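Here is the file query-v1.txt (compact mmCIF, C-alpha atoms).
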# COMPACT_ATOMS: atom_id res chain seq x y z
CA MET A 200 1.48 -0.86 19.10
CA VAL A 201 4.74 -2.08 17.56
CA ASP A 202 5.22 -4.24 14.50
CA GLN A 203 5.51 -7.93 15.21
CA PRO A 204 8.46 -9.77 13.62
CA THR A 205 7.63 -11.59 10.42
CA THR A 206 8.42 -15.27 10.34
CA MET A 207 10.16 -17.05 7.51
CA CYS A 208 7.01 -19.05 6.85
CA GLU A 209 4.97 -15.88 6.46
CA ARG A 210 7.51 -14.38 4.09
CA LEU A 211 7.71 -17.41 1.85
CA THR A 212 3.98 -17.74 1.30
CA MET A 213 3.17 -14.24 0.12
CA ASP A 214 2.62 -12.67 -3.25
CA GLU A 215 3.18 -9.02 -4.02
CA LEU A 216 -0.31 -7.90 -3.04
CA ALA A 217 0.03 -9.66 0.30
CA GLY A 218 3.49 -8.16 0.62
CA LEU A 219 2.05 -4.69 0.11
CA LEU A 220 0.03 -5.14 3.30
CA ASP A 221 2.89 -6.75 5.17
CA GLY A 222 5.04 -3.68 4.70
CA PRO A 223 3.00 -0.53 5.36
CA ARG A 224 0.22 -2.20 7.33
CA VAL A 225 -1.23 0.18 9.85
CA ARG A 226 -0.81 -0.94 13.46
CA GLY A 227 -3.25 0.99 15.65
CA ALA A 228 -4.76 2.16 12.37
CA PHE A 229 -5.20 5.79 11.44
CA VAL A 230 -8.82 5.37 10.44
CA LEU A 231 -11.47 7.96 11.10
CA ARG A 232 -14.89 9.12 9.98
CA ALA A 233 -14.99 12.74 8.79
CA VAL A 234 -18.35 14.55 8.95
CA PHE A 235 -18.99 17.96 7.41
CA ASP A 236 -21.61 20.50 6.46
CA PRO A 237 -20.71 23.13 3.82
CA PRO A 238 -18.56 25.07 3.50
CA TRP A 239 -15.57 22.87 4.20
CA SER A 240 -12.20 22.12 2.66
CA ILE A 241 -9.30 19.93 3.81
CA ARG A 242 -5.84 20.12 2.27
CA ILE A 243 -3.90 16.95 3.04
CA GLU A 244 -0.14 17.41 3.21
CA ASP A 245 0.72 14.41 5.39
CA GLU A 246 3.08 12.90 2.76
CA ALA A 247 1.71 9.42 3.52
CA PRO A 248 2.66 6.87 0.83
CA LEU A 249 -0.90 5.59 0.51
CA SER A 250 -4.37 6.69 1.63
CA ILE A 251 -7.82 5.31 0.89
CA VAL A 252 -10.86 7.57 1.19
CA VAL A 253 -14.48 6.43 0.87
CA LEU A 254 -17.31 8.91 0.38
CA VAL A 255 -19.99 7.27 2.51
CA GLN A 256 -22.67 9.95 2.22
CA GLY A 257 -23.20 13.22 0.39
CA ALA A 258 -20.97 14.75 -2.29
CA ALA A 259 -17.46 16.15 -2.45
CA VAL A 260 -14.75 17.31 -4.82
CA PHE A 261 -11.28 15.76 -4.87
CA THR A 262 -8.49 17.88 -6.30
CA GLY A 263 -5.14 16.31 -7.08
CA SER A 264 -2.42 17.07 -9.59
CA SER A 265 -4.75 16.61 -12.57
CA GLY A 266 -7.54 18.90 -11.38
CA PRO A 267 -10.91 18.51 -9.63
CA VAL A 268 -12.99 15.33 -9.69
CA ALA A 269 -16.60 15.29 -8.45
CA LEU A 270 -17.38 12.43 -6.06
CA ALA A 271 -20.67 10.79 -5.10
CA ALA A 272 -21.64 8.42 -2.31
CA GLY A 273 -19.94 5.05 -2.74
CA ASP A 274 -16.90 6.39 -4.59
CA VAL A 275 -13.46 5.36 -3.38
CA VAL A 276 -10.24 7.34 -3.94
CA LEU A 277 -6.80 5.73 -3.68
CA VAL A 278 -4.13 8.40 -3.28
CA ARG A 279 -0.37 7.89 -3.49
CA GLY A 280 1.81 10.39 -1.63
CA PRO A 281 3.72 12.47 -1.05
CA ALA A 282 2.06 15.16 -3.20
CA PRO A 283 -0.69 17.16 -1.42
CA TYR A 284 -4.35 16.97 -2.39
CA THR A 285 -7.69 18.45 -1.31
CA PHE A 286 -11.18 17.28 -0.42
CA ALA A 287 -13.88 19.98 -0.29
CA ASP A 288 -17.58 20.64 -0.73
CA CYS A 289 -16.78 22.57 -3.93
CA THR A 290 -13.78 23.93 -5.80
CA ASP A 291 -14.43 27.54 -4.70
CA THR A 292 -14.14 26.84 -0.97
CA PRO A 293 -10.78 28.03 0.40
CA ASP A 294 -8.75 25.56 2.44
CA ASP A 295 -9.76 25.87 6.09
CA ILE A 296 -7.96 22.80 7.44
CA ARG A 297 -4.48 21.47 6.66
CA ILE A 298 -3.37 17.98 7.69
CA LEU A 299 0.40 17.80 8.12
CA PRO A 300 2.76 14.83 8.62
CA GLY A 301 1.92 12.91 11.77
CA GLN A 302 -1.78 13.76 11.23
CA VAL A 303 -1.35 17.20 12.81
CA CYS A 304 -4.36 19.36 11.91
CA ILE A 305 -4.15 23.16 11.78
CA ASP A 306 -6.35 26.03 10.67
CA PRO A 307 -5.21 28.82 8.27
CA HIS A 308 -3.61 30.65 11.20
CA GLY A 309 -1.54 27.62 12.23
CA HIS A 310 -3.62 26.82 15.31
CA LEU A 311 -4.14 23.17 16.21
CA VAL A 312 -7.73 22.00 15.67
CA ASP A 313 -7.42 18.29 16.46
CA GLN A 314 -9.42 18.57 19.68
CA SER A 315 -11.83 21.33 18.73
CA MET A 316 -13.10 19.32 15.74
CA ALA A 317 -13.35 15.98 17.55
CA LEU A 318 -16.92 14.67 17.46
CA GLY A 319 -16.59 11.37 19.30
CA VAL A 320 -14.89 8.02 18.82
CA ARG A 321 -12.72 8.29 15.69
CA THR A 322 -15.09 10.96 14.34
CA TRP A 323 -13.96 14.41 13.29
CA GLY A 324 -15.39 17.38 11.42
CA ASN A 325 -17.48 20.55 11.70
CA SER A 326 -20.91 19.01 12.35
CA ALA A 327 -21.89 15.87 14.22
CA HIS A 328 -24.80 15.33 11.81
CA GLY A 329 -23.19 16.69 8.65
CA GLY A 330 -24.55 15.75 5.26
CA THR A 331 -21.14 14.62 3.98
CA GLN A 332 -19.42 11.65 5.58
CA MET A 333 -16.08 10.17 4.57
CA LEU A 334 -13.97 7.29 5.82
CA ILE A 335 -10.26 8.03 5.71
CA GLY A 336 -7.59 5.37 6.13
CA THR A 337 -3.89 6.18 5.93
CA TYR A 338 -0.85 3.94 5.53
CA GLU A 339 2.04 5.94 6.91
CA ARG A 340 4.91 3.61 5.92
CA SER A 341 5.79 2.03 2.62
CA SER A 342 7.76 -1.07 1.74
CA GLU A 343 9.93 -2.26 -1.12
CA VAL A 344 7.46 -5.04 -1.97
CA GLY A 345 4.60 -2.57 -1.74
CA GLU A 346 6.23 -0.28 -4.25
CA ARG A 347 6.26 -3.14 -6.76
CA VAL A 348 2.46 -3.16 -6.52
CA LEU A 349 1.89 0.60 -6.48
CA SER A 350 4.63 1.94 -8.74
CA ARG A 351 2.49 1.71 -11.89
CA LEU A 352 -0.47 3.54 -10.36
CA PRO A 353 -1.02 7.26 -11.00
CA ASP A 354 -1.04 9.61 -8.02
CA HIS A 355 -4.75 8.91 -7.55
CA VAL A 356 -7.40 6.50 -8.77
CA VAL A 357 -11.16 7.01 -8.38
CA LEU A 358 -13.36 3.91 -8.19
CA ARG A 359 -16.99 4.72 -8.84
CA GLY A 360 -19.62 3.15 -6.61
CA LEU A 361 -17.47 0.34 -5.23
CA ASP A 362 -19.95 -2.28 -4.02
CA THR A 363 -18.55 -3.89 -0.88
CA PRO A 364 -19.95 -4.74 2.57
CA LEU A 365 -16.65 -3.63 4.07
CA VAL A 366 -17.63 0.05 4.13
CA PRO A 367 -20.61 -0.28 6.52
CA LEU A 368 -18.49 -2.58 8.68
CA LEU A 369 -15.79 0.10 8.88
CA VAL A 370 -18.34 2.81 9.65
CA ALA A 371 -19.79 0.73 12.47
CA GLU A 372 -16.39 -0.15 13.89
CA THR A 373 -15.16 3.45 13.97
CA ALA A 374 -17.98 4.24 16.39
CA ASP A 375 -17.45 1.17 18.57
CA ASP A 376 -14.78 1.90 21.14
CA SER A 377 -14.57 -1.73 22.30
CA PRO A 378 -11.43 -3.67 23.16
CA GLY A 379 -9.59 -4.75 20.02
CA GLN A 380 -10.97 -1.92 17.90
CA SER A 381 -7.58 -1.05 16.39
CA ALA A 382 -6.94 -4.66 15.34
CA VAL A 383 -10.38 -4.91 13.71
CA LEU A 384 -9.87 -1.62 11.86
CA ASP A 385 -6.42 -2.81 10.69
CA ARG A 386 -7.91 -5.91 9.11
CA LEU A 387 -10.94 -4.21 7.60
CA LEU A 388 -8.81 -1.47 6.09
CA ASP A 389 -6.44 -4.05 4.61
CA LEU A 390 -9.39 -5.94 3.11
CA LEU A 391 -10.82 -2.75 1.62
CA LEU A 392 -7.45 -1.90 0.10
CA VAL A 393 -7.10 -5.35 -1.47
CA ARG A 394 -10.68 -5.19 -2.78
CA SER A 395 -10.01 -1.75 -4.28
CA LEU A 396 -6.70 -2.72 -5.87
CA ARG A 397 -8.23 -5.80 -7.44
CA GLU A 398 -10.87 -3.56 -8.98
CA VAL A 399 -8.17 -1.20 -10.26
CA PHE A 400 -6.18 -4.02 -11.84
CA VAL A 401 -9.27 -5.34 -13.63
CA SER A 402 -10.63 -1.98 -14.81
CA ARG A 403 -7.25 -0.36 -15.55
CA PRO A 404 -4.92 -3.14 -16.74
CA ASP A 405 -2.31 -0.62 -17.92
CA ASP A 406 -1.89 0.48 -14.29
CA ALA A 407 -1.56 -3.06 -12.95
CA PRO A 408 1.88 -4.36 -11.92
CA ALA A 409 3.54 -6.52 -14.56
CA TRP A 410 3.22 -9.72 -12.54
CA SER A 411 -0.59 -9.49 -12.50
CA SER A 412 -0.68 -10.09 -16.26
CA ALA A 413 0.78 -13.55 -15.65
CA ARG A 414 -2.68 -14.83 -14.79
CA ARG A 415 -3.62 -14.93 -18.45
CA ASP A 416 -0.96 -17.58 -19.12
CA PRO A 417 -1.15 -20.68 -16.89
CA VAL A 418 2.52 -21.52 -17.37
CA VAL A 419 3.77 -18.03 -16.53
CA ASP A 420 1.26 -17.74 -13.69
CA ARG A 421 2.66 -20.87 -12.07
CA ALA A 422 6.24 -19.65 -12.55
CA VAL A 423 5.46 -16.29 -10.93
CA ARG A 424 3.74 -17.99 -8.01
CA LEU A 425 6.73 -20.28 -7.48
CA ILE A 426 9.07 -17.28 -7.41
CA HIS A 427 6.81 -15.32 -5.08
CA HIS A 428 6.26 -18.18 -2.66
CA HIS A 429 9.76 -19.65 -2.69
CA PRO A 430 12.44 -17.02 -3.33
CA GLU A 431 14.87 -19.18 -1.32
CA HIS A 432 14.84 -21.93 -3.97
CA PRO A 433 17.87 -22.05 -6.34
CA TRP A 434 15.78 -21.21 -9.38
CA SER A 435 17.07 -21.16 -12.92
CA VAL A 436 15.16 -20.91 -16.17
CA ALA A 437 15.63 -24.67 -16.52
CA THR A 438 14.26 -25.54 -13.06
CA LEU A 439 11.29 -23.16 -13.49
CA ALA A 440 10.57 -24.74 -16.87
CA ALA A 441 10.73 -28.24 -15.38
CA ALA A 442 8.40 -27.25 -12.55
CA CYS A 443 5.92 -25.92 -15.11
CA ASP A 444 6.29 -28.85 -17.58
CA VAL A 445 7.58 -26.79 -20.50
CA SER A 446 10.90 -26.44 -22.24
CA ARG A 447 13.53 -23.94 -21.17
CA ALA A 448 13.08 -21.97 -24.39
CA THR A 449 9.30 -21.87 -23.97
CA MET A 450 9.60 -20.65 -20.40
CA ALA A 451 12.05 -17.89 -21.30
CA ARG A 452 9.97 -16.71 -24.25
CA ARG A 453 6.53 -16.82 -22.66
CA PHE A 454 7.63 -15.32 -19.34
CA THR A 455 9.35 -12.38 -21.05
CA GLU A 456 6.40 -11.77 -23.38
CA VAL A 457 3.80 -11.80 -20.60
CA VAL A 458 5.63 -10.18 -17.67
CA GLY A 459 7.85 -7.84 -19.66
CA GLU A 460 11.21 -9.03 -18.34
CA PRO A 461 13.14 -12.33 -18.30
CA PRO A 462 12.41 -14.77 -15.45
CA MET A 463 15.83 -14.37 -13.81
CA SER A 464 15.55 -10.60 -13.84
CA PHE A 465 12.12 -10.85 -12.23
CA LEU A 466 13.48 -13.29 -9.66
CA THR A 467 16.33 -10.93 -8.73
CA GLY A 468 13.97 -7.98 -8.35
CA TRP A 469 11.64 -9.96 -6.10
CA ARG A 470 14.44 -11.39 -3.96
CA LEU A 471 15.99 -7.98 -3.38
CA ALA A 472 12.62 -6.33 -2.62
CA VAL A 473 11.89 -8.97 0.03
CA ALA A 474 15.45 -8.68 1.33
CA ALA A 475 15.12 -4.91 1.63
CA ASP A 476 11.98 -5.25 3.73
CA LEU A 477 13.60 -7.91 5.93
CA LEU A 478 16.60 -5.64 6.45
CA SER A 479 14.37 -3.04 8.08
CA ASP A 480 14.24 -5.36 11.10
CA PRO A 481 17.51 -4.66 12.97
CA ARG A 482 17.31 -8.11 14.58
CA ALA A 483 17.65 -9.95 11.26
CA THR A 484 21.23 -10.86 10.41
CA LEU A 485 22.44 -10.42 6.86
CA SER A 486 23.19 -14.16 6.66
CA ALA A 487 19.63 -15.03 7.73
CA VAL A 488 18.17 -12.61 5.19
CA ALA A 489 20.38 -14.06 2.47
CA ARG A 490 19.14 -17.59 3.20
CA GLN A 491 15.50 -16.51 3.12
CA VAL A 492 15.80 -14.96 -0.32
CA GLY A 493 17.96 -17.53 -2.04
CA TYR A 494 21.53 -16.24 -1.75
CA GLY A 495 24.18 -18.64 -0.55
CA SER A 496 25.95 -16.16 1.69
CA ALA A 497 25.81 -12.67 3.10
CA PHE A 498 28.57 -11.71 0.67
CA ALA A 499 26.52 -12.89 -2.33
CA LEU A 500 23.48 -10.91 -1.18
CA SER A 501 25.61 -7.82 -0.52
CA ALA A 502 27.14 -7.99 -3.99
CA ALA A 503 23.74 -8.35 -5.69
CA PHE A 504 22.16 -5.65 -3.52
CA LYS A 505 24.86 -3.12 -4.23
CA ARG A 506 24.96 -3.97 -7.94
CA GLU A 507 21.20 -3.51 -8.38
CA ARG A 508 20.51 -0.73 -5.86
CA GLY A 509 23.77 1.18 -5.64
CA THR A 510 24.04 0.86 -1.86
CA SER A 511 25.10 -1.80 0.58
CA PRO A 512 22.58 -3.73 2.71
CA SER A 513 24.05 -2.23 5.89
CA SER A 514 23.64 1.33 4.59
CA TYR A 515 20.12 0.54 3.45
CA ARG A 516 19.29 -0.91 6.88
CA ARG A 517 20.58 2.17 8.70
CA ALA A 518 18.46 4.46 6.54
CA ALA A 519 15.36 2.28 6.95
CA VAL A 520 15.70 2.05 10.73
CA GLU A 521 16.26 5.81 11.00
CA ALA A 522 13.22 6.51 8.83
CA ARG A 523 11.04 4.19 10.88
CA GLY A 524 12.25 5.77 14.11
CA ALA A 525 11.44 9.23 12.78

Just dump the structure as structure tokens.
Amino acid sequence: MVDQPTTMCERLTMDELAGLLDGPRVRGAFVLRAVFDPPWSIRIEDEAPLSIVVLVQGAAVFTGSSGPVALAAGDVVLVRGPAPYTFADCTDTPDDIRILPGQVCIDPHGHLVDQSMALGVRTWGNSAHGGTQMLIGTYERSSEVGERVLSRLPDHVVLRGLDTPLVPLLVAETADDSPGQSAVLDRLLDLLLVRSLREVFVSRPDDAPAWSSARRDPVVDRAVRLIHHHPEHPWSVATLAAACDVSRATMARRFTEVVGEPPMSFLTGWRLAVAADLLSDPRATLSAVARQVGYGSAFALSAAFKRERGTSPSSYRRAAVEARGA
């Protein structure tokens, strides 16, 4: 299934968390249920920008860059690529499966095991009735807007006992090979990701993106929402201040204190992140992109893009299209 073009209306009513899903959203989702009996070990080297793994039943050990972490049923692991990581029954079990880019699965001898370990509809492992069950969802593309959400996160975050009805819904849907299954899995996975990230931002505020702290100040929160929802507007500190019923000096001071950068710097970063994602669509003209993100002309957008990112929009587009094709 191919990505559908994003309308201007959709773009201008999103915040950064919504934008995260708009960029790497899985179409025809890579979502599966993994079922194992000991001994088992999976080394994941797929280089995916983001994966979410739920331990539905049993126990497991996750090993990332900072060492092993014991997991229990109900735990959720968010993993940022491209560094490899391992899930296993225990730390002493040698890797017996490697998952490579493109979700290619091989054994230690390099033999493909995708088919030999298939256990039914979106179910995979070494035992159909194994005591350990995991849900694995993988986002295989990233976006500029998405990076603004994820850039502060460490390479992995473990959420203990996340209480959400989404997990049993995902488990049920993976086994239901009915029409529309991929679309349902897309939406459920997106919802689980949003639910998990909200939990991360509350429990680990130091890992939250700067804009999320705006919620503690009603003035700054409104200003951030205006920027997110309407990047095409000719904003200045004065017009943001007027829209939020404060003085220009108050807006500049409070915004910088809460968000960590001046309002115009934040605006530029948001406009160019949205522009970069729009540029990945080869059908979008540079003039149209410029209008959608608040630049008066293609030349003005090009100048800002090259100044901030060190490359021209056309060069960026070529690289993005080539990466997506690959």

Which neighbours of region 316-324 of chain A fall inside 8 Å, counting only C-alpha atoms, when residues of the same chain fewer than 2 positions from it are skipped, and could you give them as a PDB file with C-alpha atoms, keeping the file's coordinate frame?
ATOM      1  CA  VAL A 230      -8.820   5.370  10.440  1.00  0.00           C
ATOM      2  CA  LEU A 231     -11.470   7.960  11.100  1.00  0.00           C
ATOM      3  CA  ARG A 232     -14.890   9.120   9.980  1.00  0.00           C
ATOM      4  CA  ALA A 233     -14.990  12.740   8.790  1.00  0.00           C
ATOM      5  CA  VAL A 234     -18.350  14.550   8.950  1.00  0.00           C
ATOM      6  CA  PHE A 235     -18.990  17.960   7.410  1.00  0.00           C
ATOM      7  CA  VAL A 312      -7.730  22.000  15.670  1.00  0.00           C
ATOM      8  CA  ASP A 313      -7.420  18.290  16.460  1.00  0.00           C
ATOM      9  CA  GLN A 314      -9.420  18.570  19.680  1.00  0.00           C
ATOM     10  CA  SER A 326     -20.910  19.010  12.350  1.00  0.00           C
ATOM     11  CA  ALA A 327     -21.890  15.870  14.220  1.00  0.00           C
ATOM     12  CA  THR A 373     -15.160   3.450  13.970  1.00  0.00           C
ATOM     13  CA  ALA A 374     -17.980   4.240  16.390  1.00  0.00           C
ATOM     14  CA  ASP A 375     -17.450   1.170  18.570  1.00  0.00           C
ATOM     15  CA  ASP A 376     -14.780   1.900  21.140  1.00  0.00           C
TER      16      ASP A 376
END

| request: Compare A:Val275, A:Val488, A:Ala287, A:Ile243 by their minimum atom-to-atom distance to Pro300 (chain A), counting all atoms listed in the file, and give me the closest one. | output: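 Looking only at the distances to Pro300 (chain A), the closest residue turns out to be A:Ile243.
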
| request: Considering all atoms listed in the file, state which residue in the set A:Ile298, A:Leu361, A:Val255, A:Val356 is at the smallest distance from Gly329 (chain A). | output: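 Of all the options, A:Val255 lies closest to Gly329 (chain A).
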
| field | 12 Å contact set for Glu456 (chain A), all atoms listed in the file, chain neighbours under 5 positions out, as an MDAnalysis selection string | value | chainID A and resid 409:410 412:413 415:416 419 449:451 461:462

| message | List the spatial neighbours of Glu372 (chain A) as an NGL selection string - criterion: any atom at most 12 Å away, all atoms listed in the file, same-chain residues fewer than 3 positions off excluded. | response | :A and (228 or 230-232 or 320-322 or 334 or 365-369 or 375-388)

Written file, previous selection with C-alpha atoms, as a CSV table (one decimal), keeping the file's coordinate frame:
chain,number,residue,atom,x,y,z
A,228,ALA,CA,-4.8,2.2,12.4
A,230,VAL,CA,-8.8,5.4,10.4
A,231,LEU,CA,-11.5,8.0,11.1
A,232,ARG,CA,-14.9,9.1,10.0
A,320,VAL,CA,-14.9,8.0,18.8
A,321,ARG,CA,-12.7,8.3,15.7
A,322,THR,CA,-15.1,11.0,14.3
A,334,LEU,CA,-14.0,7.3,5.8
A,365,LEU,CA,-16.6,-3.6,4.1
A,366,VAL,CA,-17.6,0.0,4.1
A,367,PRO,CA,-20.6,-0.3,6.5
A,368,LEU,CA,-18.5,-2.6,8.7
A,369,LEU,CA,-15.8,0.1,8.9
A,375,ASP,CA,-17.4,1.2,18.6
A,376,ASP,CA,-14.8,1.9,21.1
A,377,SER,CA,-14.6,-1.7,22.3
A,378,PRO,CA,-11.4,-3.7,23.2
A,379,GLY,CA,-9.6,-4.8,20.0
A,380,GLN,CA,-11.0,-1.9,17.9
A,381,SER,CA,-7.6,-1.0,16.4
A,382,ALA,CA,-6.9,-4.7,15.3
A,383,VAL,CA,-10.4,-4.9,13.7
A,384,LEU,CA,-9.9,-1.6,11.9
A,385,ASP,CA,-6.4,-2.8,10.7
A,386,ARG,CA,-7.9,-5.9,9.1
A,387,LEU,CA,-10.9,-4.2,7.6
A,388,LEU,CA,-8.8,-1.5,6.1

| Of the residues A:Arg279, A:Arg394, A:Arg453, A:His355, which is the one nearest to Tyr338 (chain A), using all atoms listed in the file? |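 Looking at the shortest contact to Tyr338 (chain A), the residue is A:Arg279.
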
| task | Rounded to one decimal place, report the CA of Lys505 (chain A)-CA of Glu460 (chain A) distance in Å. | result |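 Separation of CA of Lys505 (chain A) and CA of Glu460 (chain A): 20.5 Å.
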
| field | Residue nearest Gly257 (chain A) among A:Ala472, A:Val276, A:Met333, A:Leu358 (counting all atoms listed in the file) | value |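 Result for the nearest residue to Gly257 (chain A): A:Met333.
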
| request: Identify which of the residues A:Leu352, A:Ser402, A:Val357, A:Thr290 lies closest to Gly273 (chain A), counting only C-alpha atoms when measuring atom-to-atom distances. | output: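 Going through A:Leu352, A:Ser402, A:Val357, A:Thr290 one by one, the smallest distance to Gly273 (chain A) is for A:Val357.
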
With all atoms listed in the file as the counted atoms, please give the residues lying no more than 9 Å from Pro237 (chain A), apart from itself and same-chain residues fewer than 2 positions off, as a CSV table (one decimal) with C-alpha atoms, in the coordinates of the input.
chain,number,residue,atom,x,y,z
A,235,PHE,CA,-19.0,18.0,7.4
A,239,TRP,CA,-15.6,22.9,4.2
A,240,SER,CA,-12.2,22.1,2.7
A,287,ALA,CA,-13.9,20.0,-0.3
A,288,ASP,CA,-17.6,20.6,-0.7
A,289,CYS,CA,-16.8,22.6,-3.9
A,292,THR,CA,-14.1,26.8,-1.0
A,325,ASN,CA,-17.5,20.6,11.7
A,329,GLY,CA,-23.2,16.7,8.6
A,330,GLY,CA,-24.6,15.8,5.3
A,331,THR,CA,-21.1,14.6,4.0

| said: If I take CA of Ser501 (chain A) and CA of Pro433 (chain A), how far is one from the other in Å, to one decimal? | reply: 17.2 Å

| Using all atoms listed in the file, which residue out of A:Arg340, A:Arg242, A:Arg447, A:Arg421 lies closest to Asp476 (chain A)? |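 Under the stated criterion, the closest residue is A:Arg340.
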
| task | Could you please determine the separation between CA of Arg351 (chain A) and CA of Asp406 (chain A) in Å, to one decimal place? | result |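 One can read the CA of Arg351 (chain A) to CA of Asp406 (chain A) distance as 5.1 Å.
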
How would region 393-410 of chain A look with N, CA and C atoms restored, written as an mmCIF file, in the frame of the given file?
data_model
loop_
_atom_site.group_PDB
_atom_site.id
_atom_site.type_symbol
_atom_site.label_atom_id
_atom_site.label_comp_id
_atom_site.auth_asym_id
_atom_site.auth_seq_id
_atom_site.Cartn_x
_atom_site.Cartn_y
_atom_site.Cartn_z
ATOM 1 N N VAL A 393 -7.246 -4.254 -0.521
ATOM 2 C CA VAL A 393 -7.100 -5.350 -1.470
ATOM 3 C C VAL A 393 -8.276 -5.367 -2.449
ATOM 4 N N ARG A 394 -9.489 -5.206 -1.918
ATOM 5 C CA ARG A 394 -10.680 -5.190 -2.780
ATOM 6 C C ARG A 394 -10.576 -4.057 -3.801
ATOM 7 N N SER A 395 -10.120 -2.902 -3.375
ATOM 8 C CA SER A 395 -10.010 -1.750 -4.280
ATOM 9 C C SER A 395 -8.939 -1.972 -5.327
ATOM 10 N N LEU A 396 -7.786 -2.502 -4.915
ATOM 11 C CA LEU A 396 -6.700 -2.720 -5.870
ATOM 12 C C LEU A 396 -7.071 -3.792 -6.896
ATOM 13 N N ARG A 397 -7.771 -4.812 -6.472
ATOM 14 C CA ARG A 397 -8.230 -5.800 -7.440
ATOM 15 C C ARG A 397 -9.118 -5.157 -8.496
ATOM 16 N N GLU A 398 -10.000 -4.268 -8.054
ATOM 17 C CA GLU A 398 -10.870 -3.560 -8.980
ATOM 18 C C GLU A 398 -10.055 -2.694 -9.938
ATOM 19 N N VAL A 399 -9.035 -2.023 -9.414
ATOM 20 C CA VAL A 399 -8.170 -1.200 -10.260
ATOM 21 C C VAL A 399 -7.480 -2.053 -11.310
ATOM 22 N N PHE A 400 -6.940 -3.189 -10.912
ATOM 23 C CA PHE A 400 -6.180 -4.020 -11.840
ATOM 24 C C PHE A 400 -7.069 -4.576 -12.948
ATOM 25 N N VAL A 401 -8.348 -4.831 -12.622
ATOM 26 C CA VAL A 401 -9.270 -5.340 -13.630
ATOM 27 C C VAL A 401 -9.719 -4.220 -14.571
ATOM 28 N N SER A 402 -10.067 -3.072 -13.999
ATOM 29 C CA SER A 402 -10.630 -1.980 -14.810
ATOM 30 C C SER A 402 -9.565 -1.142 -15.505
ATOM 31 N N ARG A 403 -8.328 -1.164 -14.973
ATOM 32 C CA ARG A 403 -7.250 -0.360 -15.550
ATOM 33 C C ARG A 403 -6.009 -1.229 -15.709
ATOM 34 N N PRO A 404 -6.040 -2.196 -16.628
ATOM 35 C CA PRO A 404 -4.920 -3.140 -16.740
ATOM 36 C C PRO A 404 -3.581 -2.485 -17.021
ATOM 37 N N ASP A 405 -3.586 -1.299 -17.648
ATOM 38 C CA ASP A 405 -2.310 -0.620 -17.920
ATOM 39 C C ASP A 405 -1.646 -0.131 -16.635
ATOM 40 N N ASP A 406 -2.436 0.026 -15.562
ATOM 41 C CA ASP A 406 -1.890 0.480 -14.290
ATOM 42 C C ASP A 406 -1.540 -0.670 -13.358
ATOM 43 N N ALA A 407 -1.831 -1.897 -13.790
ATOM 44 C CA ALA A 407 -1.560 -3.060 -12.950
ATOM 45 C C ALA A 407 -0.073 -3.390 -12.990
ATOM 46 N N PRO A 408 0.470 -3.940 -11.898
ATOM 47 C CA PRO A 408 1.880 -4.360 -11.920
ATOM 48 C C PRO A 408 2.076 -5.471 -12.944
ATOM 49 N N ALA A 409 3.274 -5.583 -13.472
ATOM 50 C CA ALA A 409 3.540 -6.520 -14.560
ATOM 51 C C ALA A 409 3.193 -7.952 -14.186
ATOM 52 N N TRP A 410 3.454 -8.345 -12.923
ATOM 53 C CA TRP A 410 3.220 -9.720 -12.540
ATOM 54 C C TRP A 410 1.756 -10.124 -12.606
#
